[in-house]
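Pasting protein.cif here (mmCIF, C-alpha atoms):
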```cif
data_entry
#
loop_
_atom_site.label_atom_id
_atom_site.label_comp_id
_atom_site.auth_asym_id
_atom_site.auth_seq_id
_atom_site.Cartn_x
_atom_site.Cartn_y
_atom_site.Cartn_z
CA MET A 1 -5.33 5.26 -12.64
CA SER A 2 -5.89 2.32 -10.30
CA LEU A 3 -8.53 2.48 -7.58
CA ALA A 4 -5.75 2.31 -5.00
CA GLU A 5 -4.01 5.39 -6.40
CA ARG A 6 -7.28 7.30 -6.49
CA ILE A 7 -8.01 6.26 -2.91
CA LEU A 8 -4.63 7.50 -1.75
CA GLN A 9 -5.47 10.86 -3.34
CA GLY A 10 -8.62 11.02 -1.25
CA ASP A 11 -11.21 9.85 -3.80
CA THR A 12 -14.11 8.51 -1.72
CA ARG A 13 -15.96 7.14 -4.73
CA ALA A 14 -12.95 4.95 -5.55
CA ALA A 15 -12.80 3.76 -1.94
CA ALA A 16 -16.49 2.85 -1.99
CA ARG A 17 -16.04 0.95 -5.24
CA LEU A 18 -13.07 -1.02 -4.01
CA MET A 19 -15.07 -1.98 -0.91
CA ARG A 20 -17.76 -3.32 -3.23
CA ASP A 21 -15.21 -5.32 -5.22
CA ILE A 22 -13.83 -6.75 -1.98
CA ASP A 23 -17.31 -7.65 -0.78
CA ASP A 24 -18.23 -9.25 -4.10
CA GLY A 25 -15.02 -11.30 -4.12
CA TYR A 26 -13.46 -9.78 -7.24
CA ALA A 27 -9.92 -10.97 -7.91
CA SER A 28 -8.95 -7.43 -8.97
CA ALA A 29 -9.59 -6.25 -5.40
CA ARG A 30 -6.61 -8.29 -4.22
CA GLU A 31 -4.30 -6.36 -6.52
CA GLU A 32 -5.62 -3.05 -5.19
CA LEU A 33 -5.25 -4.24 -1.60
CA LYS A 34 -1.63 -5.12 -2.27
CA LEU A 35 -1.05 -1.50 -3.29
CA LEU A 36 -2.90 -0.10 -0.27
CA TYR A 37 -1.37 -2.38 2.35
CA PRO A 38 1.89 -0.40 2.76
CA HIS A 39 -0.23 2.70 3.49
CA SER A 40 -2.20 0.99 6.25
CA GLY A 41 -1.32 0.22 9.83
CA SER A 42 -1.72 3.58 11.51
CA ALA A 43 -5.45 3.62 12.30
CA TYR A 44 -6.74 2.75 15.75
CA LEU A 45 -9.32 -0.03 15.37
CA ILE A 46 -12.20 -0.26 17.83
CA GLY A 47 -14.59 -3.22 17.70
CA ILE A 48 -18.06 -2.84 19.17
CA THR A 49 -20.14 -5.94 19.82
CA GLY A 50 -23.11 -7.00 21.89
CA PRO A 51 -26.65 -8.35 21.60
CA PRO A 52 -29.26 -6.92 19.18
CA GLY A 53 -30.90 -3.77 20.51
CA ALA A 54 -28.15 -3.04 23.06
CA GLY A 55 -27.58 0.36 21.44
CA LYS A 56 -24.39 -0.37 19.51
CA SER A 57 -25.18 1.95 16.57
CA THR A 58 -26.16 4.81 18.86
CA LEU A 59 -22.96 4.30 20.83
CA VAL A 60 -20.91 4.30 17.61
CA ASP A 61 -22.60 7.56 16.64
CA GLN A 62 -21.65 9.16 19.97
CA VAL A 63 -18.09 7.84 20.00
CA THR A 64 -17.68 9.14 16.44
CA GLU A 65 -18.88 12.57 17.55
CA ALA A 66 -16.39 12.53 20.44
CA TYR A 67 -13.46 11.66 18.15
CA ARG A 68 -14.55 14.29 15.61
CA ARG A 69 -14.37 16.89 18.40
CA ARG A 70 -10.79 15.77 18.97
CA GLY A 71 -10.15 16.44 15.29
CA LYS A 72 -9.83 12.78 14.33
CA ARG A 73 -11.12 11.33 11.06
CA VAL A 74 -13.39 8.35 11.65
CA GLY A 75 -14.26 5.34 9.50
CA ILE A 76 -17.21 3.15 10.45
CA VAL A 77 -17.83 -0.41 9.25
CA ALA A 78 -21.33 -1.47 10.31
CA VAL A 79 -22.37 -5.09 9.82
CA ASP A 80 -25.95 -6.38 9.68
CA PRO A 81 -27.23 -9.89 8.94
CA THR A 82 -28.05 -11.35 5.52
CA SER A 83 -31.29 -13.30 5.17
CA PRO A 84 -30.40 -16.98 4.91
CA PHE A 85 -33.40 -17.50 2.64
CA THR A 86 -33.23 -14.72 0.06
CA GLY A 87 -29.65 -13.46 0.36
CA GLY A 88 -31.07 -9.97 0.87
CA ALA A 89 -30.40 -7.71 3.83
CA ILE A 90 -31.61 -4.53 5.43
CA LEU A 91 -28.65 -2.49 6.55
CA GLY A 92 -30.06 0.00 9.00
CA ASP A 93 -27.16 1.08 11.16
CA ARG A 94 -26.84 4.41 9.36
CA ILE A 95 -30.20 5.52 10.76
CA ARG A 96 -28.50 6.29 14.08
CA MET A 97 -25.49 7.93 12.45
CA ASN A 98 -27.10 10.28 9.95
CA ARG A 99 -25.69 13.45 11.46
CA HIS A 100 -22.25 12.31 10.22
CA ALA A 101 -23.49 11.53 6.70
CA ASP A 102 -22.27 14.73 5.11
CA ASP A 103 -19.22 15.22 7.32
CA GLU A 104 -16.15 14.83 5.09
CA GLY A 105 -14.18 13.50 8.06
CA VAL A 106 -16.43 10.46 8.45
CA PHE A 107 -16.84 7.52 6.08
CA ILE A 108 -19.56 5.00 6.86
CA ARG A 109 -19.90 1.66 5.12
CA SER A 110 -22.66 -0.88 5.80
CA LEU A 111 -21.91 -4.55 5.14
CA ALA A 112 -24.10 -7.63 5.14
CA THR A 113 -22.75 -10.84 6.69
CA ARG A 114 -23.46 -12.80 3.47
CA GLY A 115 -23.52 -16.08 5.33
CA HIS A 116 -20.29 -15.55 7.25
CA LEU A 117 -20.47 -16.46 10.92
CA GLY A 118 -18.53 -14.81 13.70
CA GLY A 119 -20.39 -11.48 13.84
CA VAL A 120 -18.75 -9.78 10.85
CA SER A 121 -18.63 -10.33 7.09
CA ARG A 122 -15.70 -12.01 5.37
CA SER A 123 -14.83 -8.63 3.87
CA THR A 124 -14.82 -6.64 7.13
CA GLY A 125 -11.07 -6.74 7.79
CA ASP A 126 -10.20 -5.62 4.26
CA VAL A 127 -12.82 -2.86 4.25
CA ALA A 128 -11.31 -1.58 7.51
CA LEU A 129 -7.89 -1.73 5.84
CA VAL A 130 -9.13 0.51 3.01
CA MET A 131 -10.36 3.06 5.57
CA ASP A 132 -7.01 2.84 7.34
CA ALA A 133 -5.19 3.53 4.06
CA MET A 134 -7.60 6.42 3.34
CA GLY A 135 -6.14 8.09 6.39
CA MET A 136 -8.87 7.50 8.93
CA ASP A 137 -7.38 7.96 12.41
CA VAL A 138 -9.99 5.76 14.06
CA VAL A 139 -11.91 2.89 12.48
CA ILE A 140 -14.92 1.60 14.39
CA ILE A 141 -16.24 -1.83 13.48
CA GLU A 142 -19.77 -2.58 14.65
CA THR A 143 -20.64 -6.29 14.57
CA VAL A 144 -24.09 -7.75 13.99
CA GLY A 145 -26.10 -8.23 17.15
CA VAL A 146 -24.34 -11.24 18.60
CA GLY A 147 -25.35 -13.91 21.04
CA GLN A 148 -22.59 -15.67 22.88
CA ASP A 149 -20.01 -17.06 20.55
CA GLU A 150 -19.39 -14.58 17.73
CA VAL A 151 -15.93 -13.44 18.68
CA ASP A 152 -14.09 -12.74 15.40
CA ILE A 153 -13.90 -9.06 16.25
CA VAL A 154 -11.21 -9.62 18.88
CA LYS A 155 -8.70 -10.68 16.25
CA MET A 156 -9.39 -7.56 14.24
CA ALA A 157 -9.66 -4.63 16.66
CA HIS A 158 -7.09 -3.11 19.00
CA THR A 159 -9.81 -2.49 21.55
CA THR A 160 -12.86 -4.75 21.82
CA VAL A 161 -15.92 -3.25 23.45
CA VAL A 162 -18.77 -5.45 24.68
CA VAL A 163 -22.05 -3.58 25.06
CA MET A 164 -24.64 -5.03 27.42
CA VAL A 165 -27.98 -3.77 28.64
CA PRO A 166 -29.79 -4.38 31.91
CA GLY A 167 -32.22 -7.23 32.15
CA LEU A 168 -30.86 -9.76 29.69
CA GLY A 169 -30.39 -12.67 32.02
CA ASP A 170 -29.34 -13.90 35.39
CA ASP A 171 -25.79 -14.06 36.65
CA ILE A 172 -25.18 -17.53 35.23
CA GLN A 173 -25.18 -15.91 31.76
CA ALA A 174 -22.22 -13.89 32.94
CA ILE A 175 -20.07 -16.88 33.81
CA LYS A 176 -20.55 -18.74 30.55
CA ALA A 177 -17.76 -18.70 28.02
CA GLY A 178 -17.89 -16.47 24.96
CA ILE A 179 -18.35 -12.76 24.40
CA LEU A 180 -18.07 -11.92 28.07
CA GLU A 181 -14.47 -13.06 27.97
CA ILE A 182 -13.42 -10.95 25.02
CA GLY A 183 -14.03 -7.38 26.13
CA ASP A 184 -11.23 -4.92 26.83
CA VAL A 185 -13.97 -2.53 27.86
CA PHE A 186 -17.49 -3.42 28.99
CA VAL A 187 -20.37 -1.03 28.64
CA VAL A 188 -23.72 -1.20 30.39
CA ASN A 189 -25.81 0.95 28.09
CA LYS A 190 -29.33 2.21 28.86
CA SER A 191 -27.99 2.59 32.38
CA ASP A 192 -30.98 4.69 33.42
CA ARG A 193 -32.97 1.48 33.62
CA PRO A 194 -33.86 0.30 37.10
CA ASP A 195 -31.85 -2.92 37.13
CA ALA A 196 -28.69 -1.31 35.69
CA ASP A 197 -26.89 -1.39 39.05
CA ARG A 198 -27.35 -5.12 39.27
CA THR A 199 -25.99 -5.67 35.75
CA VAL A 200 -22.93 -3.53 36.50
CA ARG A 201 -22.38 -5.43 39.76
CA GLU A 202 -22.68 -8.84 38.13
CA LEU A 203 -20.31 -7.94 35.32
CA THR A 204 -17.81 -6.45 37.75
CA THR A 205 -17.90 -9.56 39.94
CA MET A 206 -17.41 -11.78 36.93
CA LEU A 207 -14.42 -9.75 35.77
CA GLU A 208 -12.86 -9.83 39.24
CA MET A 209 -13.09 -13.62 39.24
CA ASN A 210 -11.23 -13.87 35.94
CA SER A 211 -7.60 -14.83 36.29
CA ALA A 212 -5.06 -12.19 35.34
CA ARG A 213 -4.80 -11.66 31.59
CA ALA A 214 -1.57 -12.26 29.72
CA ASP A 215 -1.56 -8.59 28.68
CA ASP A 216 -1.98 -7.46 32.29
CA TRP A 217 -5.03 -5.33 31.44
CA ARG A 218 -7.99 -5.16 33.80
CA PRO A 219 -11.24 -4.48 31.89
CA LYS A 220 -13.59 -1.97 33.45
CA VAL A 221 -17.36 -1.75 33.34
CA MET A 222 -18.55 1.65 32.08
CA ARG A 223 -22.08 3.05 32.26
CA THR A 224 -23.63 4.95 29.35
CA GLU A 225 -26.93 6.33 28.12
CA ALA A 226 -25.93 6.53 24.51
CA HIS A 227 -29.00 8.34 23.21
CA ARG A 228 -28.29 11.26 25.57
CA GLY A 229 -24.52 11.09 25.30
CA THR A 230 -24.13 10.36 29.01
CA GLY A 231 -20.88 8.59 29.90
CA ILE A 232 -19.39 8.91 26.41
CA ALA A 233 -16.47 11.18 27.37
CA GLU A 234 -15.43 8.72 30.08
CA LEU A 235 -15.83 5.82 27.67
CA VAL A 236 -13.58 7.38 25.05
CA GLU A 237 -11.01 8.13 27.79
CA GLU A 238 -11.08 4.44 28.69
CA PHE A 239 -10.53 3.48 25.03
CA GLU A 240 -7.49 5.75 24.96
CA THR A 241 -6.19 4.28 28.21
CA HIS A 242 -6.46 0.78 26.76
CA ARG A 243 -4.83 1.91 23.55
CA SER A 244 -1.86 3.38 25.46
CA HIS A 245 -1.59 0.22 27.53
CA LEU A 246 -1.62 -1.99 24.42
CA PHE A 247 0.89 0.04 22.45
CA GLY A 248 3.07 0.59 25.49
CA SER A 249 3.60 -3.11 26.19
CA ALA A 250 4.60 -6.35 24.51
CA ALA A 251 0.89 -7.06 24.06
CA ILE A 252 0.88 -5.15 20.77
CA ASN A 253 3.46 -7.53 19.31
CA ARG A 254 1.35 -10.50 20.30
CA PHE A 255 -1.76 -8.87 18.85
CA LEU A 256 -0.07 -8.11 15.54
CA ALA A 257 1.44 -11.58 15.29
CA GLU A 258 -1.93 -13.23 15.91
CA LYS A 259 -3.64 -10.93 13.46
CA GLY A 260 -1.02 -11.61 10.82
CA ALA A 261 -1.20 -15.35 11.32
CA ARG A 262 -4.96 -15.38 11.14
CA THR A 263 -5.14 -13.17 8.07
CA PHE A 264 -2.58 -15.34 6.31
CA MET A 265 -4.48 -18.53 7.11
CA GLU A 266 -7.80 -17.07 6.00
CA ILE A 267 -6.45 -15.88 2.68
CA LEU A 268 -4.74 -19.23 2.18
CA LYS A 269 -7.95 -21.11 2.92
CA ASP A 270 -9.99 -18.94 0.56
CA ARG A 271 -7.39 -19.22 -2.14
CA LEU A 272 -7.00 -22.98 -1.90
CA PHE A 273 -10.75 -23.44 -1.86
CA ALA A 274 -11.20 -21.30 -4.97
CA GLU A 275 -8.31 -23.09 -6.64
CA VAL A 276 -9.96 -26.49 -6.18
CA PHE A 277 -13.61 -25.55 -6.37
CA ALA A 278 -13.76 -23.15 -9.34
CA PRO A 279 -12.81 -25.74 -12.00
CA LEU A 280 -15.24 -28.27 -10.51
CA GLU A 281 -18.07 -25.80 -10.77
CA ALA A 282 -17.07 -24.60 -14.21
CA ASP A 283 -17.09 -28.01 -15.87
CA GLY A 284 -20.27 -29.26 -14.19
CA ARG A 285 -18.50 -31.88 -12.13
CA PHE A 286 -19.69 -30.31 -8.88
CA ALA A 287 -23.31 -30.90 -9.94
CA ARG A 288 -22.53 -34.57 -10.58
CA ILE A 289 -20.84 -34.93 -7.20
CA VAL A 290 -23.87 -33.38 -5.52
CA ASP A 291 -26.10 -35.81 -7.34
CA ASP A 292 -23.92 -38.74 -6.28
CA LEU A 293 -24.03 -37.56 -2.69
CA ALA A 294 -27.78 -37.10 -2.73
CA ASN A 295 -28.21 -40.66 -4.01
CA ARG A 296 -25.58 -41.98 -1.64
CA ARG A 297 -23.48 -43.40 -4.45
CA ILE A 298 -20.45 -41.89 -2.79
CA ASP A 299 -19.53 -40.58 0.67
CA PRO A 300 -18.49 -36.92 1.09
CA TYR A 301 -15.08 -37.80 2.55
CA SER A 302 -14.00 -39.83 -0.46
CA ALA A 303 -15.46 -37.26 -2.84
CA VAL A 304 -13.30 -34.49 -1.36
CA GLU A 305 -10.19 -36.66 -1.19
CA ALA A 306 -10.55 -37.57 -4.85
CA VAL A 307 -10.80 -33.99 -6.12
CA VAL A 308 -8.02 -32.71 -3.85
CA ALA A 309 -5.67 -35.51 -4.89
CA GLU A 310 -6.43 -34.83 -8.56
CA ARG A 311 -5.96 -31.08 -8.25
CA PHE A 312 -2.60 -31.31 -6.56
CA ALA A 313 -1.33 -34.00 -8.90
CA ALA A 314 -2.27 -31.63 -11.73
CA GLY A 315 -0.61 -28.76 -9.87
CA ALA A 316 2.67 -30.70 -9.68
CA ASP A 317 2.72 -31.05 -13.45
CA ASN A 318 2.28 -27.32 -14.03
CA MET B 1 -16.01 -13.88 -11.92
CA ALA B 2 -17.97 -13.32 -8.77
CA GLU B 3 -21.54 -12.07 -9.03
CA ARG B 4 -22.66 -8.67 -7.82
CA THR B 5 -25.33 -8.33 -5.17
CA LEU B 6 -27.57 -5.41 -6.05
CA ARG B 7 -27.36 -2.59 -3.50
CA VAL B 8 -30.11 -0.03 -3.15
CA LEU B 9 -30.50 2.94 -0.84
CA VAL B 10 -33.99 3.65 0.46
CA GLY B 11 -34.37 7.08 1.98
CA LYS B 12 -36.90 9.68 2.96
CA PRO B 13 -35.88 13.21 2.07
CA GLY B 14 -37.38 16.18 3.84
CA LEU B 15 -39.69 16.66 6.71
CA ASP B 16 -42.57 14.22 6.49
CA GLY B 17 -42.64 11.59 9.19
CA HIS B 18 -44.39 8.78 7.39
CA ASP B 19 -41.97 5.93 6.77
CA ARG B 20 -44.36 2.99 6.55
CA GLY B 21 -44.18 2.91 2.76
CA ALA B 22 -40.39 3.17 2.73
CA LYS B 23 -40.11 0.31 5.23
CA ILE B 24 -42.42 -1.92 3.22
CA ILE B 25 -40.41 -1.25 0.08
CA ALA B 26 -37.16 -1.91 1.97
CA ARG B 27 -38.55 -5.24 3.13
CA ALA B 28 -39.71 -6.15 -0.39
CA PHE B 29 -36.23 -5.39 -1.73
CA ARG B 30 -34.68 -7.53 0.99
CA ASP B 31 -36.98 -10.39 0.04
CA ALA B 32 -35.93 -9.91 -3.59
CA GLY B 33 -32.34 -10.59 -2.53
CA PHE B 34 -31.06 -7.00 -2.61
CA GLU B 35 -28.92 -5.35 0.03
CA VAL B 36 -30.92 -2.38 1.23
CA ILE B 37 -29.26 0.56 2.92
CA TYR B 38 -32.07 2.14 4.87
CA THR B 39 -31.26 5.65 6.02
CA GLY B 40 -34.51 6.53 7.74
CA LEU B 41 -36.42 9.78 8.10
CA HIS B 42 -35.62 13.46 7.60
CA GLN B 43 -32.71 13.19 5.22
CA THR B 44 -31.29 16.15 3.38
CA PRO B 45 -30.43 15.57 -0.29
CA GLU B 46 -26.77 16.07 0.70
CA GLN B 47 -26.93 13.27 3.26
CA ILE B 48 -28.64 10.94 0.79
CA VAL B 49 -26.08 11.55 -1.94
CA SER B 50 -23.14 11.18 0.41
CA ALA B 51 -24.56 7.89 1.75
CA ALA B 52 -25.24 6.62 -1.78
CA ILE B 53 -21.61 7.22 -2.75
CA GLN B 54 -20.07 5.78 0.41
CA GLU B 55 -22.27 2.69 0.14
CA ASP B 56 -21.62 2.27 -3.61
CA VAL B 57 -25.29 1.60 -4.33
CA ASP B 58 -26.65 0.91 -7.80
CA CYS B 59 -29.79 2.94 -7.27
CA VAL B 60 -31.56 5.25 -4.84
CA GLY B 61 -35.27 4.95 -4.07
CA LEU B 62 -36.82 8.00 -2.42
CA SER B 63 -40.17 8.00 -0.68
CA ILE B 64 -41.83 11.36 -0.25
CA LEU B 65 -45.29 12.27 0.97
CA SER B 66 -44.80 15.87 2.00
CA GLY B 67 -45.45 17.62 -1.29
CA ALA B 68 -41.88 18.89 -1.56
CA HIS B 69 -40.99 16.38 -4.27
CA ASN B 70 -40.46 19.02 -6.97
CA THR B 71 -37.69 20.56 -4.88
CA LEU B 72 -36.04 17.62 -3.12
CA LEU B 73 -35.99 14.89 -5.77
CA PRO B 74 -34.36 16.98 -8.55
CA ARG B 75 -31.86 18.23 -5.96
CA VAL B 76 -30.70 14.63 -5.30
CA CYS B 77 -30.23 14.07 -9.04
CA GLN B 78 -28.34 17.35 -9.39
CA LEU B 79 -25.99 16.60 -6.48
CA LEU B 80 -25.23 13.14 -7.87
CA LYS B 81 -24.34 14.77 -11.14
CA GLU B 82 -22.08 17.30 -9.42
CA LYS B 83 -20.27 14.46 -7.68
CA ASP B 84 -19.86 12.66 -10.98
CA ALA B 85 -22.07 9.89 -9.64
CA ASP B 86 -25.11 10.16 -11.88
CA ASP B 87 -24.62 6.56 -12.98
CA ILE B 88 -26.50 5.86 -9.72
CA MET B 89 -30.12 5.64 -10.83
CA VAL B 90 -32.78 7.55 -8.87
CA PHE B 91 -36.46 6.63 -8.65
CA GLY B 92 -39.19 7.93 -6.41
CA GLY B 93 -42.53 7.09 -4.94
CA GLY B 94 -45.25 8.69 -2.88
CA VAL B 95 -48.11 11.09 -3.21
CA ILE B 96 -47.00 12.74 -6.43
CA PRO B 97 -49.53 14.31 -8.81
CA ASP B 98 -49.43 12.98 -12.38
CA ASP B 99 -48.82 16.50 -13.66
CA ASP B 100 -45.51 16.66 -11.78
CA ILE B 101 -44.10 13.42 -13.16
CA PRO B 102 -42.80 14.68 -16.54
CA GLY B 103 -40.91 17.48 -14.79
CA LEU B 104 -39.33 15.04 -12.34
CA LYS B 105 -38.28 12.72 -15.14
CA ASN B 106 -36.78 15.68 -16.96
CA ALA B 107 -34.80 16.44 -13.84
CA GLY B 108 -33.27 12.97 -13.89
CA LEU B 109 -35.67 10.63 -12.08
CA LYS B 110 -35.88 7.36 -13.96
CA GLU B 111 -39.30 6.36 -12.64
CA VAL B 112 -42.02 7.62 -10.32
CA PHE B 113 -44.39 5.30 -8.48
CA THR B 114 -47.68 6.67 -7.25
CA PRO B 115 -50.22 5.27 -4.77
CA GLY B 116 -51.58 1.97 -6.06
CA SER B 117 -48.22 0.67 -7.32
CA SER B 118 -47.61 -2.82 -5.94
CA THR B 119 -44.33 -3.82 -4.33
CA GLU B 120 -44.07 -6.53 -7.02
CA ASP B 121 -44.21 -3.85 -9.73
CA ILE B 122 -41.47 -1.86 -8.05
CA VAL B 123 -39.21 -4.87 -7.50
CA LYS B 124 -39.75 -5.92 -11.11
CA TRP B 125 -38.91 -2.44 -12.34
CA VAL B 126 -35.65 -2.47 -10.38
CA ARG B 127 -34.74 -5.92 -11.70
CA ASP B 128 -35.45 -4.85 -15.28
CA ASN B 129 -33.82 -1.45 -15.18
CA VAL B 130 -31.06 -1.40 -12.60
CA HIS B 131 -27.96 -3.39 -13.31
CA PRO B 132 -25.08 -3.57 -10.86
CA ARG B 133 -21.98 -2.00 -12.36
CA ALA B 134 -19.42 -4.30 -13.96
#
```

Any chance you could put this one into C-alpha cells?
Amino acid sequence: MSLAERILQGDTRAAARLMRDIDDGYASAREELKLLYPHSGSAYLIGITGPPGAGKSTLVDQVTEAYRRRGKRVGIVAVDPTSPFTGGAILGDRIRMNRHADDEGVFIRSLATRGHLGGVSRSTGDVALVMDAMGMDVVIIETVGVGQDEVDIVKMAHTTVVVMVPGLGDDIQAIKAGILEIGDVFVVNKSDRPDADRTVRELTTMLEMNSARADDWRPKVMRTEAHRGTGIAELVEEFETHRSHLFGSAAINRFLAEKGARTFMEILKDRLFAEVFAPLEADGRFARIVDDLANRRIDPYSAVEAVVAERFAAGADN
Amino acid sequence: MAERTLRVLVGKPGLDGHDRGAKIIARAFRDAGFEVIYTGLHQTPEQIVSAAIQEDVDCVGLSILSGAHNTLLPRVCQLLKEKDADDIMVFGGGVIPDDDIPGLKNAGLKEVFTPGSSTEDIVKWVRDNVHPRA
C-alpha cells in the first residue's frame, strides 16, 4: 500500500515518513503528494511569525489547546534554523508543546530550515498539505524567529499572525517595511511587561497609518500572556473573525490564485534546476566548472549559459 | 537520490530536573550535523514514543539521572514495539549502575553510556550504529 493510502486511513507513522521523504527531497514523495492533493484544501492554515524569544511556541501551545477544546484536530509545523556550518539543528519547539504529545488529535512536526531563507523550510508547504490531507482541521505553522524580511509565511497561511514583545525597538522599527506589513493579526505577547502599553500604542498607530488593504481587512493588535493563557480566547476569536472575513469575500480567490501561482513557480524552478544540475554533478563536470571559476578561466554567466543551452538542445532531441 | 539527514530525539523521561547532560549531548549532535529534536524535561514514555514517531527519528537518546532507569527505559522500548516502531533505536545515558546494564540491553536498549563517556564517543557510536532508513 502506498504511503498516501496509509495516511488517508489515519496511519501517523506513514504520515511522518512521507514528511521525511519530502524534507529529504525524495522523488517518490512527489508521487505520494499527487495522491494526497485531492484530499487537501479543507484545513484552516494559521502562520505564526515574530522575532526569536517572542513566545511563538508557547502561543502555539495555547492556541492548540483552545482549538482542541472546540473539538478541532490540530497539526503543527514548527521550524527552527539549521546551522550554516555543520548542517545540524536543534529543534526545540516541542518543549513548549509537550502536553499535546500524546493527544491523538494533535500532530506535531519539527523542521529545520536546511539553508532555505524566508523563515520556513522548503518542505513546509508540503508538510502542511500532508497534515491537511490527514484531516487536521487547523494547521499552525510556526516560522523560525525572524527579523524583518522573512515573509514567506504570508503566501502559505490563511491568517498570518505577527507576534511582538515589548521593548524591541523604537517606533522607527515599526514604520520600516517587512514583517510589520504582513500581519492579519498582531500580538503583543508578554503584555505584563511595563512597556507593553507603549508597544501596543505604537503598533496601533502604525496600522492606522497604513492605507486601506485590498482585502478590506483592518488588522487588530491583541495582548497576550501566553505562558498563563491570558488573552488566548480573544485571540482565537480574532483568528475566526479573520477567517470568516477571508472566506466570505473575494479575497479568498486572490489568496488561492497567488498561492497556486507561487507553488507552481517553485516546483518548476526546483524541477528545472534538478533537470540541469543533476547530470552535471553526476559526471563530474560541475567540479570542473567550479575549478574553472576559482581560477577565473571562465565567468559564471557564460558557464551557466553554456550548460543551459546544451541541456535544452539535448532536450529538443529527446 | 537525495541524502538523508540523521534525525535523533533527545529526551529526559521521568522526574529528575537535571538536563545539563542532555543539552550538551544535543549540542554535540547538532555539531555532528544531525537534526536533534529536543523534547526537554519530565517526559512520560508515552510522550517520548509519540514524538519519536511523529518526528520520524532514526534513534532516541534518553538521559536519566533519577534512578528510575529500570522502569522508564524498558517502557520506551516496549511502547515502540507495540506501535510497530522498534526499528527506531534507543540508547541511554546517565547515572546507571553497571549491574543494571545487561538488563536494560535485554529490554531493548542498544547502548548505555555512563558517567565518563565523552561526547565524541557518543557521536561516534551513533554514526557507527544508527543508519537513517532507506

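Considering the residues A:Glu266, A:Asp11, A:Asp184, A:Asp61 and counting all atoms listed in the file, A:Ile232 has its shortest atom-to-atom contact with A:Asp61.
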
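Among the candidates A:Ala15, A:Ala303, A:Ile108, A:Ala226, the residue lying nearest to A:Asn189 is A:Ala226 (atoms considered: only C-alpha atoms).
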
Quick one: everything within 7 Å of stretch 104-117 of chain B, counting all atoms listed in the file, minus sequence neighbours fewer than 5 positions away in the same chain. Send it as a PDB file with C-alpha atoms, in the frame of the given file.
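The result, stored in result.pdb:
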```pdb
ATOM      1  CA  ASN B  70     -40.460  19.020  -6.970  1.00  0.00           C
ATOM      2  CA  PRO B  74     -34.360  16.980  -8.550  1.00  0.00           C
ATOM      3  CA  CYS B  77     -30.230  14.070  -9.040  1.00  0.00           C
ATOM      4  CA  MET B  89     -30.120   5.640 -10.830  1.00  0.00           C
ATOM      5  CA  VAL B  90     -32.780   7.550  -8.870  1.00  0.00           C
ATOM      6  CA  PHE B  91     -36.460   6.630  -8.650  1.00  0.00           C
ATOM      7  CA  GLY B  92     -39.190   7.930  -6.410  1.00  0.00           C
ATOM      8  CA  GLY B  93     -42.530   7.090  -4.940  1.00  0.00           C
ATOM      9  CA  GLY B  94     -45.250   8.690  -2.880  1.00  0.00           C
ATOM     10  CA  VAL B  95     -48.110  11.090  -3.210  1.00  0.00           C
ATOM     11  CA  ILE B  96     -47.000  12.740  -6.430  1.00  0.00           C
TER      12      ILE B  96
END
```

| request: Identify all residues satisfying the PyMOL selection byres ((chain A) within 7 of (chain B)) in the given file; provide them as a VMD selection string. | output: chain A and resid 12 to 13 16 to 17 20 24 to 26 86 to 92 94 to 95 101 to 102 107 to 110

| query | Can you tell me, as a PyMOL selection string, what residues are no more than 9 Å from A:Met136 when counting all atoms listed in the file, ignoring any on the same chain fewer than 5 positions away? | reply | chain A and resi 42-44+72-75+105-107+131

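Distance check against A:Val276 using all atoms listed in the file: of A:Ala261, A:Met134, A:Ala214, A:Val304, the minimum falls on A:Val304.
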
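Here the PyMOL selection byres ((chain A and resi 2) around 10) captures the residues Met1, Leu3, Ala4, Glu5, Arg6, Ile7, Ala14, Glu31, Glu32 and Leu35 of chain A.
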
| task | Given the file shown, determine the residues that the PyMOL selection byres ((chain A and resi 146) around 12) selects; report them as a ChimeraX atom specification. | result | /A:48-54,56,79-81,117-120,142-145,147-153,162-164,178-180

Please check which residues have atoms at most 9 Å from (-46.8, 15.7, 0.6) in the file's coordinates, counting all atoms listed in the file, and write them as a tab-separated table (two decimals) with C-alpha atoms, keeping the file's coordinate frame.
```tsv
chain	number	residue	atom	x	y	z
B	16	ASP	CA	-42.57	14.22	6.49
B	64	ILE	CA	-41.83	11.36	-0.25
B	65	LEU	CA	-45.29	12.27	0.97
B	66	SER	CA	-44.80	15.87	2.00
B	67	GLY	CA	-45.45	17.62	-1.29
B	68	ALA	CA	-41.88	18.89	-1.56
B	69	HIS	CA	-40.99	16.38	-4.27
B	94	GLY	CA	-45.25	8.69	-2.88
B	95	VAL	CA	-48.11	11.09	-3.21
B	96	ILE	CA	-47.00	12.74	-6.43
```

| query | atom CA of A:Thr82 to atom CA of A:Ser121: how many Å, to one decimal? | reply | 9.6 Å

| Coordinates-based distance that separates atom CA of B:Lys124 from atom CA of B:Gly21 (Å, one decimal) | 17.0 Å

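If you look at atom CA of A:Thr241 and atom CA of A:His158, they are 11.8 Å away from each other.
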
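Distance check against A:Arg70 using only C-alpha atoms: of A:Val188, A:Ala233, A:Ala251, A:Ala313, the minimum falls on A:Ala233.
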
Could you write out as AutoDock Vina command-line options the box around stretch 119-122 of chain B (axis-aligned, all atoms listed in the file, 5 Å on each side), with centre and edge lengths in Å to one decimal?
```
--center_x -42.9 --center_y -4.2 --center_z -7.0 --size_x 12.9 --size_y 14.7 --size_z 15.4
```
